[in-house]
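Text of the file work-v7.txt, holding compact mmCIF, C-alpha atoms:
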# COMPACT_ATOMS: atom_id res chain seq x y z
CA MET F 1 1.12 -20.85 -97.45
CA ARG F 2 2.20 -21.19 -101.05
CA GLN F 3 1.62 -19.66 -104.43
CA GLY F 4 -0.53 -21.97 -106.54
CA ALA F 5 -0.24 -22.62 -110.27
CA ALA F 6 -2.85 -20.01 -111.14
CA GLY F 7 -1.09 -17.42 -108.97
CA VAL F 8 -3.77 -17.78 -106.31
CA ILE F 9 -2.47 -17.94 -102.77
CA GLU F 10 -3.34 -21.30 -101.33
CA MET F 11 -3.60 -21.78 -97.62
CA ASP F 12 -2.19 -24.77 -95.88
CA SER F 13 -4.44 -26.39 -93.35
CA GLU F 14 -2.48 -24.79 -90.49
CA SER F 15 -3.16 -21.24 -91.78
CA GLN F 16 -6.74 -22.14 -92.53
CA ARG F 17 -7.25 -23.38 -88.99
CA ARG F 18 -5.53 -20.31 -87.57
CA PHE F 19 -7.85 -18.11 -89.60
CA GLU F 20 -10.94 -19.94 -88.39
CA ASP F 21 -9.76 -19.79 -84.76
CA LEU F 22 -9.16 -16.06 -84.99
CA ALA F 23 -12.10 -15.00 -87.16
CA LEU F 24 -15.04 -17.22 -86.23
CA PRO F 25 -15.35 -15.95 -82.62
CA HIS F 26 -16.48 -12.65 -84.20
CA LEU F 27 -19.28 -14.31 -86.14
CA LYS F 28 -22.05 -13.26 -83.73
CA SER F 29 -21.01 -9.59 -83.74
CA LEU F 30 -20.56 -9.55 -87.50
CA TYR F 31 -23.95 -11.15 -88.06
CA GLY F 32 -25.58 -8.69 -85.63
CA TYR F 33 -23.95 -5.83 -87.50
CA ALA F 34 -25.05 -7.19 -90.90
CA MET F 35 -28.62 -7.56 -89.58
CA LYS F 36 -28.65 -3.96 -88.38
CA LEU F 37 -27.48 -2.85 -91.80
CA THR F 38 -29.80 -5.00 -93.89
CA GLY F 39 -32.74 -6.04 -91.70
CA ASN F 40 -32.93 -9.31 -93.61
CA ALA F 41 -31.58 -12.60 -92.23
CA ALA F 42 -30.76 -14.16 -95.62
CA VAL F 43 -29.02 -11.04 -96.92
CA ALA F 44 -27.15 -10.63 -93.63
CA GLU F 45 -25.91 -14.22 -93.69
CA ASP F 46 -24.82 -13.84 -97.30
CA LEU F 47 -22.92 -10.68 -96.40
CA VAL F 48 -21.22 -12.44 -93.49
CA GLN F 49 -20.26 -15.43 -95.65
CA GLU F 50 -18.77 -13.10 -98.26
CA THR F 51 -16.88 -11.32 -95.50
CA PHE F 52 -15.29 -14.54 -94.22
CA LEU F 53 -14.39 -15.64 -97.75
CA LYS F 54 -12.79 -12.32 -98.56
CA ALA F 55 -11.03 -12.21 -95.21
CA LEU F 56 -9.64 -15.69 -95.74
CA GLN F 57 -8.21 -14.70 -99.12
CA ALA F 58 -6.68 -11.55 -97.66
CA PHE F 59 -5.58 -13.21 -94.39
CA PRO F 60 -1.89 -13.35 -95.43
CA THR F 61 -1.92 -9.54 -95.65
CA LEU F 62 -3.18 -9.07 -92.07
CA ARG F 63 -0.03 -8.03 -90.23
CA ASN F 64 -1.30 -8.08 -86.68
CA SER F 65 -3.81 -10.73 -85.65
CA LEU F 66 -4.93 -8.45 -82.77
CA HIS F 67 -6.50 -6.23 -85.42
CA ILE F 68 -8.69 -8.95 -86.82
CA ARG F 69 -11.95 -7.63 -85.36
CA PRO F 70 -11.86 -4.09 -86.87
CA TRP F 71 -10.43 -5.65 -90.03
CA LEU F 72 -13.43 -7.99 -90.37
CA PHE F 73 -15.82 -5.10 -89.73
CA GLN F 74 -13.99 -3.10 -92.37
CA ILE F 75 -14.39 -5.88 -94.95
CA LEU F 76 -18.09 -6.30 -94.19
CA SER F 77 -18.68 -2.53 -94.25
CA ARG F 78 -17.04 -2.09 -97.62
CA LEU F 79 -18.89 -5.08 -99.04
CA ALA F 80 -22.18 -3.57 -97.84
CA ILE F 81 -21.39 -0.18 -99.35
CA ASP F 82 -20.11 -1.66 -102.64
CA ARG F 83 -23.12 -3.90 -102.97
CA HIS F 84 -25.43 -0.93 -103.04
CA ARG F 85 -23.11 1.02 -105.26
CA THR F 86 -23.39 -1.71 -107.90
CA GLU F 87 -27.16 -1.76 -107.45
CA ASN F 88 -27.02 1.92 -108.37
CA ARG F 89 -28.86 2.94 -105.26
CA GLU F 90 -29.19 6.65 -104.93
CA VAL F 91 -26.84 8.08 -102.34
CA ALA F 92 -27.94 11.22 -100.53
CA THR F 93 -28.49 13.58 -103.36
CA GLU F 94 -30.79 15.86 -101.41
CA ALA F 95 -29.67 19.37 -100.63
CA PHE F 96 -27.43 19.24 -97.58
CA GLU F 97 -28.47 22.74 -96.56
CA ASP F 98 -32.07 21.63 -96.15
CA LEU F 99 -30.89 18.66 -94.17
CA ASP F 100 -28.67 20.80 -91.95
CA ARG F 101 -31.62 23.06 -91.20
CA PHE F 102 -33.88 20.16 -90.30
CA SER F 103 -34.48 20.08 -86.56
CA LEU F 104 -36.68 17.44 -84.99
CA TYR F 105 -36.42 19.35 -81.71
CA ASP F 106 -37.91 22.48 -83.27
CA LEU F 107 -40.61 20.57 -85.15
CA ILE F 108 -41.79 18.83 -81.99
CA GLY F 109 -41.92 22.20 -80.21
CA GLN F 110 -43.92 23.77 -83.04
CA ASP F 111 -46.33 20.85 -83.43
CA ASP F 112 -46.75 20.46 -79.68
CA PRO F 113 -48.36 16.98 -79.79
CA PHE F 114 -48.66 16.87 -75.96
CA PRO F 115 -49.92 20.33 -74.94
CA TYR F 116 -50.14 19.41 -71.25
CA SER F 117 -46.80 17.66 -71.01
CA ASP F 118 -43.85 19.23 -69.29
CA ARG F 119 -41.66 16.60 -70.93
CA LEU F 120 -42.89 17.17 -74.46
CA HIS F 121 -39.75 16.03 -76.33
CA ASP F 122 -39.22 12.95 -74.17
CA ASP F 123 -42.87 11.94 -74.51
CA PHE F 124 -42.68 12.32 -78.26
CA VAL F 125 -39.59 10.11 -78.63
CA ALA F 126 -40.93 7.43 -76.26
CA GLN F 127 -43.76 6.65 -78.70
CA PHE F 128 -41.53 4.98 -81.26
CA ARG F 129 -41.46 1.20 -81.34
CA ASP F 130 -38.19 -0.71 -81.65
CA GLU F 131 -39.00 -1.79 -85.20
CA GLU F 132 -39.78 1.78 -86.27
CA VAL F 133 -36.41 2.97 -85.02
CA ARG F 134 -34.65 0.14 -86.88
CA ASP F 135 -36.61 0.91 -90.06
CA ALA F 136 -35.71 4.59 -89.75
CA LEU F 137 -32.05 3.66 -89.45
CA ARG F 138 -32.32 1.43 -92.48
CA GLY F 139 -33.76 4.39 -94.37
CA LEU F 140 -30.29 5.94 -94.39
CA PRO F 141 -28.05 5.49 -97.43
CA GLU F 142 -25.21 3.01 -96.67
CA ALA F 143 -22.55 5.72 -96.61
CA TYR F 144 -24.32 7.20 -93.56
CA ARG F 145 -25.74 4.06 -92.02
CA VAL F 146 -22.46 2.14 -91.91
CA PRO F 147 -20.53 4.63 -89.73
CA LEU F 148 -23.56 5.28 -87.52
CA VAL F 149 -24.21 1.61 -86.80
CA LEU F 150 -20.49 1.02 -86.16
CA LEU F 151 -20.47 3.95 -83.77
CA TYR F 152 -23.54 2.68 -81.92
CA THR F 153 -22.61 -0.98 -81.73
CA GLU F 154 -18.81 -1.12 -81.88
CA GLU F 155 -18.21 2.25 -80.24
CA MET F 156 -15.48 3.02 -82.75
CA SER F 157 -13.68 6.35 -82.59
CA TYR F 158 -13.81 8.78 -85.51
CA ARG F 159 -10.25 7.78 -86.39
CA GLU F 160 -11.15 4.07 -86.46
CA LEU F 161 -14.22 4.83 -88.56
CA ALA F 162 -12.08 6.82 -90.99
CA GLU F 163 -9.87 3.75 -91.38
CA VAL F 164 -12.81 1.43 -91.93
CA LEU F 165 -14.37 3.71 -94.55
CA GLY F 166 -11.09 4.77 -96.11
CA CYS F 167 -11.90 8.47 -95.82
CA PRO F 168 -10.68 11.50 -93.81
CA VAL F 169 -11.87 12.07 -90.23
CA GLY F 170 -13.68 15.23 -91.39
CA THR F 171 -15.82 13.13 -93.74
CA VAL F 172 -16.69 10.76 -90.89
CA MET F 173 -17.75 13.74 -88.79
CA SER F 174 -20.04 15.15 -91.48
CA ARG F 175 -21.52 11.73 -92.31
CA LEU F 176 -22.32 11.06 -88.66
CA HIS F 177 -23.92 14.48 -88.34
CA ARG F 178 -25.96 14.19 -91.53
CA GLY F 179 -26.78 10.55 -90.86
CA ARG F 180 -28.42 11.56 -87.59
CA LYS F 181 -30.25 14.39 -89.32
CA ILE F 182 -31.64 11.95 -91.90
CA LEU F 183 -32.61 9.66 -89.01
CA GLU F 184 -34.46 12.52 -87.29
CA ARG F 185 -36.29 13.23 -90.53
CA GLU F 186 -37.21 9.56 -90.96
CA LEU F 187 -38.61 9.49 -87.43
CA TRP F 188 -40.62 12.65 -88.09
CA GLU F 189 -42.04 11.08 -91.28
CA CYS F 190 -42.89 7.96 -89.29
CA ALA F 191 -44.68 10.10 -86.68
CA LYS F 192 -46.69 11.76 -89.44
CA ARG F 193 -47.64 8.39 -90.96
CA ARG F 194 -48.81 7.15 -87.57
CA GLY F 195 -50.78 10.34 -86.97
CA LEU F 196 -48.73 11.14 -83.87
CA VAL F 197 -48.41 14.74 -84.98
CA LYS F 198 -50.52 17.20 -86.89
CA THR F 199 -49.07 17.42 -90.37
CA TRP F 200 -47.53 20.76 -89.72
CA THR F 201 -45.45 22.12 -92.60
CA PRO F 202 -42.79 24.76 -92.14
CA PRO F 203 -43.38 28.08 -93.88
CA ASN F 204 -41.12 28.82 -96.84
CA ASP F 205 -38.29 31.15 -95.99
CA MET H 1 -15.90 38.95 -73.01
CA ASP H 2 -19.15 37.52 -74.35
CA THR H 3 -18.05 34.05 -75.39
CA THR H 4 -21.38 33.23 -77.11
CA LYS H 5 -20.35 35.60 -79.90
CA ARG H 6 -17.47 33.36 -80.83
CA LEU H 7 -19.71 30.49 -81.94
CA SER H 8 -23.21 30.95 -83.33
CA CYS H 9 -26.07 28.67 -82.31
CA ASP H 10 -26.07 27.15 -85.83
CA ASP H 11 -22.36 26.38 -85.62
CA THR H 12 -22.85 24.93 -82.17
CA VAL H 13 -25.69 22.63 -83.29
CA ARG H 14 -23.57 21.45 -86.22
CA GLN H 15 -20.98 20.18 -83.75
CA PHE H 16 -23.35 18.56 -81.27
CA PHE H 17 -22.79 15.02 -82.44
CA ALA H 18 -19.02 15.34 -82.58
CA TYR H 19 -19.27 16.64 -79.00
CA LEU H 20 -21.52 13.77 -77.89
CA ASP H 21 -19.16 11.29 -79.58
CA ARG H 22 -16.24 12.85 -77.68
CA ALA H 23 -14.52 13.67 -80.94
CA LEU H 24 -13.92 17.35 -80.14
CA THR H 25 -10.70 18.46 -78.46
CA GLY H 26 -8.76 21.66 -77.87
CA GLU H 27 -10.08 24.96 -79.12
CA PRO H 28 -13.28 23.70 -80.85
CA LEU H 29 -14.25 21.91 -77.63
CA GLU H 30 -13.58 24.98 -75.50
CA ALA H 31 -15.55 27.22 -77.87
CA LEU H 32 -18.52 24.85 -77.83
CA GLU H 33 -18.51 24.53 -74.04
CA ALA H 34 -18.23 28.30 -73.67
CA HIS H 35 -21.30 28.69 -75.89
CA LEU H 36 -23.22 26.07 -73.91
CA HIS H 37 -22.44 27.85 -70.64
CA ALA H 38 -24.14 30.95 -71.97
CA CYS H 39 -26.97 29.55 -74.12
CA LEU H 40 -29.81 27.67 -72.45
CA ASP H 41 -31.54 27.03 -75.77
CA CYS H 42 -28.54 25.12 -77.15
CA CYS H 43 -28.21 23.21 -73.86
CA GLU H 44 -31.79 21.98 -74.21
CA LYS H 45 -31.25 21.00 -77.83
CA LEU H 46 -28.07 19.18 -76.92
CA GLU H 47 -29.88 17.29 -74.16
CA PHE H 48 -32.54 16.24 -76.67
CA SER H 49 -29.87 15.03 -79.12
CA ARG H 50 -28.18 13.08 -76.34
CA LYS H 51 -31.43 11.39 -75.30
CA LEU H 52 -32.51 10.61 -78.85
CA ASP H 53 -29.11 9.10 -79.61
CA ALA H 54 -29.29 6.89 -76.51
CA PHE H 55 -32.87 5.92 -77.38
CA VAL H 56 -31.89 4.79 -80.88
CA ARG H 57 -28.80 2.96 -79.60
CA ASP H 58 -30.87 1.06 -77.04
CA ARG H 59 -33.39 -0.03 -79.64
CA LEU H 60 -30.94 -1.75 -81.95
CA GLY H 61 -30.87 -4.88 -79.82
CA ASP H 62 -29.11 -8.19 -80.28
CA GLU H 63 -29.81 -10.57 -83.12
CA PRO H 64 -29.93 -14.30 -82.46
CA LEU H 65 -27.62 -16.30 -84.73
CA PRO H 66 -29.41 -18.45 -87.31
CA GLU H 67 -29.10 -22.16 -86.67
CA ARG H 68 -25.98 -23.83 -88.01
CA ILE H 69 -24.65 -20.64 -89.57
CA GLU H 70 -21.14 -21.42 -88.32
CA GLU H 71 -21.27 -24.81 -89.97
CA ARG H 72 -22.35 -23.25 -93.29
CA ILE H 73 -19.57 -20.69 -93.11
CA ARG H 74 -16.92 -23.30 -92.30
CA ARG H 75 -18.11 -25.35 -95.24
CA ARG H 76 -18.02 -22.36 -97.57
CA ILE H 77 -14.57 -21.12 -96.62
CA ARG H 78 -13.13 -24.62 -96.76
CA GLY H 79 -14.35 -24.76 -100.34

Could the structure of this file be written out as structure tokens, please?
Amino acid sequence: MRQGAAGVIEMDSESQRRFEDLALPHLKSLYGYAMKLTGNAAVAEDLVQETFLKALQAFPTLRNSLHIRPWLFQILSRLAIDRHRTENREVATEAFEDLDRFSLYDLIGQDDPFPYSDRLHDDFVAQFRDEEVRDALRGLPEAYRVPLVLLYTEEMSYRELAEVLGCPVGTVMSRLHRGRKILERELWECAKRRGLVKTWTPPND
Amino acid sequence: MDTTKRLSCDDTVRQFFAYLDRALTGEPLEALEAHLHACLDCCEKLEFSRKLDAFVRDRLGDEPLPERIEERIRRRIRG
């Protein structure tokens, strides 16, 4: 590796090959992750390409090659979050108290869509199609979706997630809690759209 | 001593996901488990959260790689 005329670090072919050997085996997982985040093949591939480019540039700073997998996921996650930040997408401005009070469990019990079922909650959940669940997940703002998808697919610990997101563990904990609450709300909205429940509205406190 | 008094149902529900994700340890974990031992309602809600979480996880599925994506990436990173 050497410093080029413009100050840009240039890779020799040996480093380049080493990078490809270490990074490309994670392509399938990274693409799967990008698809879960975006739901769009072209956008997902673009995100993955950007990730590999950025990782290649930063490869000299990777101290331990055993850490390449979480490192690649970190780069992709931050790219995904930044992308939407620059698009000025609204990030969870709703009142957190309302969200904290939202309970899909209680709503199902109150609506009682299967009066004769002794497995009411299970029967309710079983109605959702795969694509509806994925759409509901994609309804989450990136700051919530990213840690949740990483938790589901990579089974990262809260500490690892904190490292990926560059935030304290407490923030990870609240994002994972609220992310799931938003997901519950999205599923409830989906059930209402499909007419799976009566459009019961909670009384004002 | 009535251990359910130490943690309210609301506080318990707020920690469900951290509990399911095995992120609770020490005193917070003990307090939550003590509450669950004494509160059937919270146990049922926790069971629902556990099942819903597993349901969502199972539905995410695997994505097939687009054809020749590796080739395109190699080309791009080699400039």

Practice prompt. In Å, rounded to a single decimal, give me how far atom CA of F:Glu132 is from atom CA of F:Tyr116.
Written response: 25.4 Å

Pull out every residue of chain H that has at least one atom within 10 Å of chain F, counting all atoms listed in the file, and report them as a PDB file with C-alpha atoms, in the coordinates of the input.
ATOM      1  CA  ASP H  10     -26.070  27.150 -85.830  1.00  0.00           C
ATOM      2  CA  VAL H  13     -25.690  22.630 -83.290  1.00  0.00           C
ATOM      3  CA  ARG H  14     -23.570  21.450 -86.220  1.00  0.00           C
ATOM      4  CA  GLN H  15     -20.980  20.180 -83.750  1.00  0.00           C
ATOM      5  CA  PHE H  16     -23.350  18.560 -81.270  1.00  0.00           C
ATOM      6  CA  PHE H  17     -22.790  15.020 -82.440  1.00  0.00           C
ATOM      7  CA  ALA H  18     -19.020  15.340 -82.580  1.00  0.00           C
ATOM      8  CA  ASP H  21     -19.160  11.290 -79.580  1.00  0.00           C
ATOM      9  CA  ARG H  22     -16.240  12.850 -77.680  1.00  0.00           C
ATOM     10  CA  ALA H  23     -14.520  13.670 -80.940  1.00  0.00           C
ATOM     11  CA  GLU H  44     -31.790  21.980 -74.210  1.00  0.00           C
ATOM     12  CA  LYS H  45     -31.250  21.000 -77.830  1.00  0.00           C
ATOM     13  CA  LEU H  46     -28.070  19.180 -76.920  1.00  0.00           C
ATOM     14  CA  PHE H  48     -32.540  16.240 -76.670  1.00  0.00           C
ATOM     15  CA  SER H  49     -29.870  15.030 -79.120  1.00  0.00           C
ATOM     16  CA  LYS H  51     -31.430  11.390 -75.300  1.00  0.00           C
ATOM     17  CA  LEU H  52     -32.510  10.610 -78.850  1.00  0.00           C
ATOM     18  CA  ASP H  53     -29.110   9.100 -79.610  1.00  0.00           C
ATOM     19  CA  ALA H  54     -29.290   6.890 -76.510  1.00  0.00           C
ATOM     20  CA  PHE H  55     -32.870   5.920 -77.380  1.00  0.00           C
ATOM     21  CA  VAL H  56     -31.890   4.790 -80.880  1.00  0.00           C
ATOM     22  CA  ARG H  57     -28.800   2.960 -79.600  1.00  0.00           C
ATOM     23  CA  ASP H  58     -30.870   1.060 -77.040  1.00  0.00           C
ATOM     24  CA  ARG H  59     -33.390  -0.030 -79.640  1.00  0.00           C
ATOM     25  CA  LEU H  60     -30.940  -1.750 -81.950  1.00  0.00           C
ATOM     26  CA  GLY H  61     -30.870  -4.880 -79.820  1.00  0.00           C
ATOM     27  CA  ASP H  62     -29.110  -8.190 -80.280  1.00  0.00           C
ATOM     28  CA  GLU H  63     -29.810 -10.570 -83.120  1.00  0.00           C
ATOM     29  CA  PRO H  64     -29.930 -14.300 -82.460  1.00  0.00           C
ATOM     30  CA  LEU H  65     -27.620 -16.300 -84.730  1.00  0.00           C
ATOM     31  CA  PRO H  66     -29.410 -18.450 -87.310  1.00  0.00           C
ATOM     32  CA  ILE H  69     -24.650 -20.640 -89.570  1.00  0.00           C
ATOM     33  CA  GLU H  70     -21.140 -21.420 -88.320  1.00  0.00           C
ATOM     34  CA  ARG H  72     -22.350 -23.250 -93.290  1.00  0.00           C
ATOM     35  CA  ILE H  73     -19.570 -20.690 -93.110  1.00  0.00           C
ATOM     36  CA  ARG H  74     -16.920 -23.300 -92.300  1.00  0.00           C
ATOM     37  CA  ARG H  76     -18.020 -22.360 -97.570  1.00  0.00           C
ATOM     38  CA  ILE H  77     -14.570 -21.120 -96.620  1.00  0.00           C
ATOM     39  CA  ARG H  78     -13.130 -24.620 -96.760  1.00  0.00           C
ATOM     40  CA  GLY H  79     -14.350 -24.760-100.340  1.00  0.00           C
TER      41      GLY H  79
END

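Residue nearest F:Leu161 within the list F:Arg193, F:Arg138, F:Arg175, F:Arg18: F:Arg175 [criterion: smallest interatomic distance, only C-alpha atoms].
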
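Straight-line separation from atom CA of F:Phe19 to atom CA of F:Val43: 23.5 Å.
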
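Picture a line from atom CA of F:Asn40 to atom CA of H:Arg75; it runs 21.9 Å.
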
Box dimensions and centre (Å, one decimal) enclosing stretch 181-188 of chain F, axis-aligned, 6 Å extra per side, as JSON:
{"center_x": -35.4, "center_y": 11.9, "center_z": -89.6, "size_x": 22.4, "size_y": 16.9, "size_z": 16.6}

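Comparing F:Gln127, F:Thr51, F:Ser15, F:Gln110 by their smallest distance to F:Leu79, the closest is F:Thr51 (using all atoms listed in the file).
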
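Residue nearest F:Glu154, chosen from F:Gly195, F:Gly179, F:Pro70, F:Gly39 and counting all atoms listed in the file: F:Pro70.
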
Practice prompt. Would you kindly return, as a PyMOL selection string, each protein, DNA or RNA residue with an atom no farther than 10 Å from any atom of F:Phe114, considering only C-alpha atoms and excluding same-chain residues fewer than 5 positions away?
Written response: chain F and resi 108-109+119-121+123-124+196-197
